[in-house]
$ cat query.csv   # CSV, C-alpha atoms and all ligand atoms
chain,number,residue,atom,x,y,z
A,1,MET,CA,-14.1,-2.1,-11.8
A,2,VAL,CA,-10.5,-1.8,-13.1
A,3,ILE,CA,-8.2,-4.6,-14.0
A,4,LYS,CA,-7.6,-6.8,-11.1
A,5,LYS,CA,-4.8,-9.3,-10.7
A,6,LYS,CA,-4.4,-10.8,-7.3
A,7,VAL,CA,-1.3,-12.7,-8.0
A,8,PHE,CA,1.5,-11.6,-10.2
A,9,ASN,CA,4.4,-13.9,-11.0
A,10,VAL,CA,7.5,-12.1,-10.1
A,11,MET,CA,9.7,-14.2,-12.4
A,12,LEU,CA,9.3,-11.2,-14.7
A,13,CYS,CA,10.9,-9.1,-12.0
A,14,THR,CA,13.8,-11.5,-11.9
A,15,VAL,CA,14.3,-11.1,-15.6
A,16,VAL,CA,14.2,-7.4,-15.3
A,17,ALA,CA,15.6,-7.2,-11.8
A,18,LEU,CA,17.3,-3.8,-12.4
A,19,TYR,CA,13.9,-2.3,-13.3
A,20,CYS,CA,12.5,-3.6,-10.0
A,21,SER,CA,15.4,-2.4,-7.9
A,22,GLY,CA,15.0,0.8,-5.8
A,23,ALA,CA,17.5,2.7,-7.8
A,24,THR,CA,15.9,2.4,-11.2
A,25,ALA,CA,12.2,2.4,-10.1
A,26,ALA,CA,12.8,5.5,-8.0
A,27,GLY,CA,13.4,7.3,-11.2
A,28,SER,CA,9.9,6.5,-12.4
A,29,TYR,CA,8.2,8.1,-9.4
A,30,ASP,CA,8.0,11.8,-8.6
A,31,HIS,CA,7.9,11.8,-4.8
A,32,ALA,CA,8.9,9.8,-1.8
A,33,VAL,CA,8.5,9.7,2.0
A,34,GLU,CA,10.4,7.5,4.4
A,35,GLU,CA,9.8,6.6,8.1
A,36,ASN,CA,11.5,4.0,10.2
A,37,GLY,CA,12.2,1.3,7.7
A,38,ILE,CA,9.3,1.9,5.3
A,39,LYS,CA,9.5,4.0,2.2
A,40,MET,CA,6.7,5.0,-0.2
A,41,PHE,CA,7.4,6.4,-3.7
A,42,TRP,CA,4.5,7.7,-5.8
A,43,LYS,CA,3.5,9.5,-8.9
A,44,VAL,CA,0.1,10.9,-9.9
A,45,ALA,CA,-0.6,10.1,-13.5
A,46,ASP,CA,-3.9,11.0,-15.1
A,47,ASP,CA,-6.6,9.6,-12.8
A,48,GLU,CA,-4.3,7.0,-11.1
A,49,LEU,CA,-1.8,6.9,-8.3
A,50,HIS,CA,1.3,4.8,-9.0
A,51,VAL,CA,2.9,3.5,-5.8
A,52,LYS,CA,6.0,1.6,-4.8
A,53,VAL,CA,6.3,0.7,-1.2
A,54,THR,CA,9.3,-1.0,0.4
A,55,ALA,CA,10.0,-2.0,4.0
A,56,GLU,CA,12.4,-3.9,6.1
A,57,THR,CA,10.4,-7.1,6.4
A,58,SER,CA,9.8,-10.4,4.8
A,59,GLY,CA,6.1,-10.2,5.8
A,60,TRP,CA,3.4,-7.8,4.7
A,61,VAL,CA,3.7,-4.2,3.7
A,62,GLY,CA,0.8,-1.8,3.3
A,63,VAL,CA,-0.4,1.7,2.6
A,64,GLY,CA,-3.7,3.3,3.6
A,65,PHE,CA,-5.4,6.6,2.7
A,66,ASN,CA,-7.7,9.0,4.4
A,67,PRO,CA,-9.0,7.3,7.6
A,68,THR,CA,-11.9,8.9,9.4
A,69,GLU,CA,-10.8,7.6,12.8
A,70,GLN,CA,-7.6,5.6,13.6
A,71,MET,CA,-7.6,2.9,11.0
A,72,LYS,CA,-11.3,3.2,10.2
A,73,GLY,CA,-12.6,4.4,6.9
A,74,ALA,CA,-9.2,4.2,5.1
A,75,ASN,CA,-8.6,2.6,1.7
A,76,TYR,CA,-5.8,0.0,2.2
A,77,ILE,CA,-3.6,-1.7,-0.4
A,78,VAL,CA,-1.7,-4.4,1.5
A,79,GLY,CA,0.3,-7.4,0.4
A,80,TYR,CA,3.3,-9.6,0.6
A,81,VAL,CA,5.5,-11.8,-1.6
A,82,LYS,CA,5.2,-15.5,-1.1
A,83,ASN,CA,7.0,-18.2,-3.1
A,84,GLY,CA,7.9,-15.5,-5.7
A,85,GLU,CA,4.4,-14.3,-6.1
A,86,VAL,CA,2.9,-10.9,-5.1
A,87,VAL,CA,-0.3,-11.2,-3.2
A,88,LEU,CA,-2.2,-7.9,-3.0
A,89,HIS,CA,-5.5,-7.0,-1.3
A,90,ASP,CA,-7.7,-4.0,-1.6
A,91,ASP,CA,-9.1,-3.5,1.9
A,92,PHE,CA,-11.2,-1.1,3.8
A,93,GLY,CA,-10.9,0.0,7.4
A,94,ASP,CA,-14.2,-1.4,8.8
A,95,GLY,CA,-13.2,-0.7,12.4
A,96,LYS,CA,-10.8,1.5,14.4
A,97,TRP,CA,-8.3,-1.3,14.5
A,98,ASN,CA,-9.4,-3.5,11.7
A,99,HIS,CA,-9.5,-3.8,7.9
A,100,SER,CA,-11.3,-6.3,5.6
A,101,GLU,CA,-11.3,-7.0,1.9
A,102,ASP,CA,-13.5,-4.7,-0.1
A,103,THR,CA,-15.0,-7.7,-1.8
A,104,ALA,CA,-16.0,-9.2,1.5
A,105,LEU,CA,-17.9,-6.0,2.3
A,106,GLY,CA,-19.7,-5.9,-1.1
A,107,GLY,CA,-17.2,-3.7,-2.9
A,108,THR,CA,-14.6,-4.4,-5.6
A,109,ASP,CA,-10.9,-5.0,-6.0
A,110,ASP,CA,-9.5,-1.8,-7.5
A,111,PHE,CA,-5.8,-2.1,-8.2
A,112,THR,CA,-3.3,-3.2,-10.8
A,113,ILE,CA,-0.1,-5.0,-9.7
A,114,VAL,CA,2.9,-3.6,-11.4
A,115,GLY,CA,5.6,-5.8,-9.7
A,116,GLY,CA,7.2,-6.8,-6.4
A,117,HIS,CA,9.9,-8.8,-4.9
A,118,GLU,CA,11.4,-9.9,-1.6
A,119,THR,CA,15.1,-9.4,-1.4
A,120,ASP,CA,17.5,-9.5,1.6
A,121,GLY,CA,14.7,-9.2,4.1
A,122,HIS,CA,13.1,-6.3,2.3
A,123,THR,CA,9.6,-6.5,0.7
A,124,THR,CA,8.8,-4.2,-2.2
A,125,LEU,CA,5.4,-3.9,-3.9
A,126,GLU,CA,4.5,-1.8,-6.9
A,127,PHE,CA,0.9,-1.1,-8.0
A,128,SER,CA,-1.5,1.5,-9.2
A,129,PHE,CA,-5.0,2.3,-8.4
A,130,PRO,CA,-7.7,4.8,-9.4
A,131,LEU,CA,-7.9,8.1,-7.5
A,132,ASP,CA,-11.7,7.7,-7.7
A,133,SER,CA,-12.7,4.1,-8.3
A,134,GLY,CA,-16.4,4.7,-7.6
A,135,ASP,CA,-16.3,1.9,-5.0
A,136,ASP,CA,-17.8,2.9,-1.6
A,137,TYR,CA,-15.0,1.1,0.1
A,138,ASP,CA,-12.2,3.1,-1.5
A,139,GLY,CA,-13.1,6.7,-1.0
A,140,GLY,CA,-11.7,9.3,-3.4
A,141,ILE,CA,-8.3,11.0,-3.3
A,142,ASP,CA,-7.8,14.6,-4.3
A,143,PRO,CA,-4.1,14.8,-5.1
A,144,GLN,CA,-4.1,18.6,-4.8
A,145,GLY,CA,-5.5,18.5,-1.3
A,146,ARG,CA,-4.3,17.1,2.0
A,147,THR,CA,-4.1,13.3,2.0
A,148,VAL,CA,-3.6,11.3,5.2
A,149,VAL,CA,-1.3,8.4,4.4
A,150,LEU,CA,-0.9,5.4,6.6
A,151,LEU,CA,2.2,3.3,6.2
A,152,ALA,CA,2.7,0.0,8.0
A,153,TYR,CA,4.6,-3.3,7.8
A,154,GLY,CA,4.3,-6.6,9.6
A,155,GLY,CA,6.9,-9.1,11.0
A,156,LYS,CA,8.0,-12.2,9.2
A,157,ARG,CA,4.6,-13.8,8.6
A,158,ASP,CA,3.0,-13.6,5.1
A,159,SER,CA,-0.4,-13.0,6.7
A,160,LEU,CA,-2.5,-9.9,6.5
A,161,ARG,CA,-4.1,-10.9,9.9
A,162,ALA,CA,-0.7,-10.4,11.6
A,163,MET,CA,-0.4,-7.1,13.5
A,164,HIS,CA,2.0,-4.4,12.3
A,165,ARG,CA,5.5,-4.3,13.6
A,166,TYR,CA,5.6,-0.6,12.7
A,167,ARG,CA,2.9,1.9,11.6
A,168,THR,CA,2.8,5.6,11.1
A,169,THR,CA,0.5,8.4,9.9
A,170,LEU,CA,1.6,11.2,7.6
A,171,THR,CA,-0.2,14.1,5.8
A,172,VAL,CA,1.0,14.9,2.4
A,173,ASN,CA,0.0,16.8,-0.8
A,174,LEU,CA,0.3,14.0,-3.3
A,175,ALA,CA,0.6,16.4,-6.3
A,176,THR,CA,3.6,18.4,-4.9
A,177,GLY,CA,5.0,15.8,-2.5
A,178,ARG,CA,5.1,18.3,0.3
A,179,ARG,CA,4.6,17.0,3.8
A,180,GLU,CA,2.1,18.9,5.8
B,1,LIG,C1,-4.2,-7.3,10.6
B,1,LIG,C2,-3.7,-6.2,10.4
B,1,LIG,C3,-3.8,-5.1,11.4
B,1,LIG,C4,-4.2,-5.1,12.7
B,1,LIG,C5,-4.6,-6.3,13.5
B,1,LIG,C6,-4.1,-3.8,13.2
B,1,LIG,C7,-4.4,-3.4,14.5
B,1,LIG,C8,-4.2,-2.2,15.1
B,1,LIG,C9,-4.3,-1.8,16.4
B,1,LIG,C10,-4.7,-2.8,17.6
B,1,LIG,C11,-3.9,-0.6,16.6
B,1,LIG,C12,-3.9,0.2,17.9
B,1,LIG,C13,-2.6,0.0,18.6
B,1,LIG,C14,-1.5,0.8,18.0
B,1,LIG,O1,-1.7,2.1,17.9
B,1,LIG,O2,-0.5,0.3,17.5
B,1,LIG,C15,-3.6,-0.1,15.3
B,1,LIG,C16,-3.2,1.2,15.0
B,1,LIG,C17,-2.8,1.7,13.8
B,1,LIG,N1,-2.8,0.9,12.6
B,1,LIG,FE1,-3.3,-1.0,12.4
B,1,LIG,N2,-3.7,-3.0,12.2
B,1,LIG,C18,-3.5,-3.7,11.1
B,1,LIG,C19,-3.1,-3.3,9.8
B,1,LIG,C20,-2.7,-2.0,9.5
B,1,LIG,C21,-2.4,-1.5,8.2
B,1,LIG,C22,-2.3,-2.4,7.0
B,1,LIG,C23,-2.1,-0.2,8.3
B,1,LIG,C24,-1.6,0.8,7.3
B,1,LIG,C25,-1.2,0.6,6.1
B,1,LIG,C26,-2.3,0.2,9.7
B,1,LIG,C27,-2.1,1.4,10.3
B,1,LIG,C28,-2.3,1.8,11.6
B,1,LIG,C29,-2.1,3.1,12.1
B,1,LIG,C30,-1.6,4.3,11.3
B,1,LIG,C31,-2.5,3.0,13.5
B,1,LIG,C32,-2.5,4.2,14.4
B,1,LIG,C33,-3.9,4.9,14.3
B,1,LIG,C34,-4.0,6.0,15.3
B,1,LIG,O3,-4.0,5.9,16.5
B,1,LIG,O4,-4.3,7.2,14.8
B,1,LIG,N3,-2.7,-0.9,10.4
B,1,LIG,N4,-3.7,-1.1,14.4
$ encode --input "query.csv" --output "structure tokens"
Amino acid sequence: MVIKKKVFNVMLCTVVALYCSGATAAGSYDHAVEENGIKMFWKVADDELHVKVTAETSGWVGVGFNPTEQMKGANYIVGYVKNGEVVLHDDFGDGKWNHSEDTALGGTDDFTIVGGHETDGHTTLEFSFPLDSGDDYDGGIDPQGRTVVLLAYGGKRDSLRAMHRYRTTLTVNLATGRRE
């Protein structure tokens, strides 16, 4: 299991607000995709994926990887910012239209919170996670191959039980950033 931090106090981000802003952080990522109010930046570094996801919502924002059927089978990293704190979950698609925490299914939390903030109705989360955590509820990612990426965000509620306001499915090569 890698370092897990469910809650990260974003006071740090206030102090280094510039670092956490899109303009500066974008520079530390290699690739980006954008669809309808949600944007994911990423970088493959060693055996980890570093991600920044930002969406036009004060509720939850999430990414998912490699579903087998609709939402099922995907590894999800979803979260929100509440009272200045980032809350992040490592979930698994345990149904076609459902996801549950890995830990509730017998797996482990596999992510590291890097930062996050909620500003002007936009929520931004930054985190990293292993390409191959070894957890049955994560699945592995081959950055050289085709990766199916799910992007979604909710409405105003800071609740991961709330349905998405927008969701989309993309296929990308994470190493090159090319959309397929
Ligand atoms: C409580 C949270 C969630 C609920 C209740 C939920 C429920 C559903 C339902 C009922 C559908 C079918 C209706 C539709 O197509 O809109 C759906 C589809 C979908 N959801 Fe979710 N979802 C949740 C979270 C997420 C998250 C976190 C993501 C990705 C980060 C996501 C990605 C998708 C995608 C890509 C589809 C379309 C799948 C397809 O038809 O191929 N969902 N979801």
$ closest_residue --input "query.csv" --among "A:Gly155, A:Thr68, A:Gly79, A:Thr147" --to "Thr171 of chain A" --atoms "only C-alpha atoms"
A:Thr147
$ closest_residue --input "query.csv" --among "A:Thr169, A:Thr57, A:Thr176, A:Thr123" --to "ligand LIG 1 (chain B)" --atoms "all atoms listed in the file"
A:Thr169
$ atom_distance --input "query.csv" --atom1 "atom CA of Glu85 of chain A" --atom2 "atom CA of Lys72 of chain A"
28.6 Å
$ closest_atom_pairs --input "query.csv" --of "chain A" --to "ligand LIG 1 (chain B)" --cutoff "9 Å" --atoms "only C-alpha atoms and all ligand atoms" --output "CSV"
residue,atom,partner,partner_atom,distance
A:Trp60,CA,B:LIG1,C22,8.2
A:Val61,CA,B:LIG1,C22,7.1
A:Gly62,CA,B:LIG1,C25,4.2
A:Val63,CA,B:LIG1,C25,3.8
A:Gly64,CA,B:LIG1,C25,4.4
A:Phe65,CA,B:LIG1,C25,8.1
A:Pro67,CA,B:LIG1,O4,8.6
A:Glu69,CA,B:LIG1,O4,6.8
A:Gln70,CA,B:LIG1,C33,3.8
A:Met71,CA,B:LIG1,C33,5.3
A:Lys72,CA,B:LIG1,C33,8.6
A:Ala74,CA,B:LIG1,C24,8.6
A:Asn75,CA,B:LIG1,C25,8.8
A:Tyr76,CA,B:LIG1,C25,6.1
A:Ile77,CA,B:LIG1,C25,7.3
A:Val78,CA,B:LIG1,C22,5.9
A:Gly79,CA,B:LIG1,C22,8.7
A:Asp91,CA,B:LIG1,C22,8.6
A:Gly93,CA,B:LIG1,C21,8.7
A:Lys96,CA,B:LIG1,C15,7.4
A:Trp97,CA,B:LIG1,C8,4.2
A:Asn98,CA,B:LIG1,C6,5.5
A:His99,CA,B:LIG1,C19,6.7
A:Ser100,CA,B:LIG1,C1,8.7
A:Val149,CA,B:LIG1,C25,8.0
A:Leu150,CA,B:LIG1,C24,4.7
A:Leu151,CA,B:LIG1,C25,4.3
A:Ala152,CA,B:LIG1,C25,4.4
A:Tyr153,CA,B:LIG1,C22,7.0
A:Gly154,CA,B:LIG1,C2,8.0
A:Ser159,CA,B:LIG1,C1,7.9
A:Leu160,CA,B:LIG1,C1,5.1
A:Arg161,CA,B:LIG1,C1,3.7
A:Ala162,CA,B:LIG1,C1,4.8
A:Met163,CA,B:LIG1,C5,4.3
A:His164,CA,B:LIG1,C18,5.7
A:Arg165,CA,B:LIG1,O2,8.5
A:Tyr166,CA,B:LIG1,O2,7.8
A:Arg167,CA,B:LIG1,C30,5.1
A:Thr168,CA,B:LIG1,C30,4.6
A:Thr169,CA,B:LIG1,C30,4.8
A:Leu170,CA,B:LIG1,C30,8.5
$ closest_residue --input "query.csv" --among "A:Arg157, A:Asp135, A:Arg146, A:Glu126" --to "Glu180 of chain A" --atoms "only C-alpha atoms"
A:Arg146
$ atom_distance --input "query.csv" --atom1 "atom CA of Asp94 of chain A" --atom2 "atom CA of Asp110 of chain A"
17.0 Å
$ atom_distance --input "query.csv" --atom1 "atom CA of Gly59 of chain A" --atom2 "atom CA of Gly140 of chain A"
28.0 Å
$ closest_residue --input "query.csv" --among "A:Val87, A:Leu105, A:Ala55, A:Val148" --to "Gly121 of chain A" --atoms "all atoms listed in the file"
A:Ala55
$ closest_residue --input "query.csv" --among "A:Tyr80, A:Asn173, A:Pro130, A:Tyr137" --to "Gly106 of chain A" --atoms "all atoms listed in the file"
A:Tyr137
$ closest_residue --input "query.csv" --among "A:Asp46, A:Phe92, A:Val172, A:Gly145" --to "Leu131 of chain A" --atoms "only C-alpha atoms"
A:Asp46
$ residues_around --input "query.csv" --residues "segment 34-45 of chain A" --least-positions-apart "2" --cutoff "8 Å" --atoms "only C-alpha atoms" --output "ChimeraX atom specification"
/A:26,28-32,47-56,143,151-153,166,168,174-175
$ build_atoms --input "query.csv" --residues "segment 40-60 of chain A" --atoms "N, CA and C atoms" --output "short mmCIF file (atom, residue, chain, number, x, y, z; two decimals), in the coordinates of the input"
data_model
loop_
_atom_site.label_atom_id
_atom_site.label_comp_id
_atom_site.auth_asym_id
_atom_site.auth_seq_id
_atom_site.Cartn_x
_atom_site.Cartn_y
_atom_site.Cartn_z
N MET A 40 7.71 5.02 0.83
CA MET A 40 6.70 5.00 -0.20
C MET A 40 7.12 6.01 -1.32
N PHE A 41 7.18 5.52 -2.56
CA PHE A 41 7.40 6.40 -3.70
C PHE A 41 6.07 6.47 -4.45
N TRP A 42 5.79 7.60 -5.07
CA TRP A 42 4.50 7.70 -5.80
C TRP A 42 4.61 8.68 -6.95
N LYS A 43 3.63 8.53 -7.82
CA LYS A 43 3.50 9.50 -8.90
C LYS A 43 1.97 9.53 -9.24
N VAL A 44 1.48 10.75 -9.44
CA VAL A 44 0.10 10.90 -9.90
C VAL A 44 0.12 10.98 -11.39
N ALA A 45 -0.60 10.08 -12.05
CA ALA A 45 -0.60 10.10 -13.50
C ALA A 45 -2.05 9.93 -13.98
N ASP A 46 -2.52 10.98 -14.66
CA ASP A 46 -3.90 11.00 -15.10
C ASP A 46 -4.82 10.82 -13.88
N ASP A 47 -5.63 9.79 -13.92
CA ASP A 47 -6.60 9.60 -12.80
C ASP A 47 -6.15 8.42 -11.93
N GLU A 48 -4.83 8.16 -11.90
CA GLU A 48 -4.30 7.00 -11.10
C GLU A 48 -3.19 7.46 -10.18
N LEU A 49 -3.01 6.70 -9.11
CA LEU A 49 -1.80 6.90 -8.30
C LEU A 49 -0.96 5.63 -8.47
N HIS A 50 0.30 5.86 -8.83
CA HIS A 50 1.30 4.80 -9.00
C HIS A 50 2.14 4.76 -7.77
N VAL A 51 2.23 3.62 -7.13
CA VAL A 51 2.90 3.50 -5.80
C VAL A 51 3.94 2.41 -5.83
N LYS A 52 5.04 2.70 -5.18
CA LYS A 52 6.00 1.60 -4.80
C LYS A 52 6.21 1.77 -3.33
N VAL A 53 6.05 0.69 -2.60
CA VAL A 53 6.30 0.70 -1.20
C VAL A 53 7.25 -0.38 -0.81
N THR A 54 8.24 -0.03 0.01
CA THR A 54 9.30 -1.00 0.40
C THR A 54 9.57 -0.89 1.85
N ALA A 55 9.72 -2.03 2.52
CA ALA A 55 10.00 -2.00 4.00
C ALA A 55 10.89 -3.14 4.38
N GLU A 56 11.49 -2.93 5.55
CA GLU A 56 12.40 -3.90 6.10
C GLU A 56 11.68 -5.06 6.73
N THR A 57 11.10 -5.89 5.90
CA THR A 57 10.40 -7.10 6.40
C THR A 57 10.26 -8.11 5.32
N SER A 58 10.12 -9.36 5.74
CA SER A 58 9.80 -10.40 4.80
C SER A 58 8.32 -10.76 4.87
N GLY A 59 7.58 -10.00 5.67
CA GLY A 59 6.10 -10.20 5.80
C GLY A 59 5.37 -9.19 4.96
N TRP A 60 4.27 -8.69 5.50
CA TRP A 60 3.40 -7.80 4.70
C TRP A 60 3.85 -6.33 4.80
#
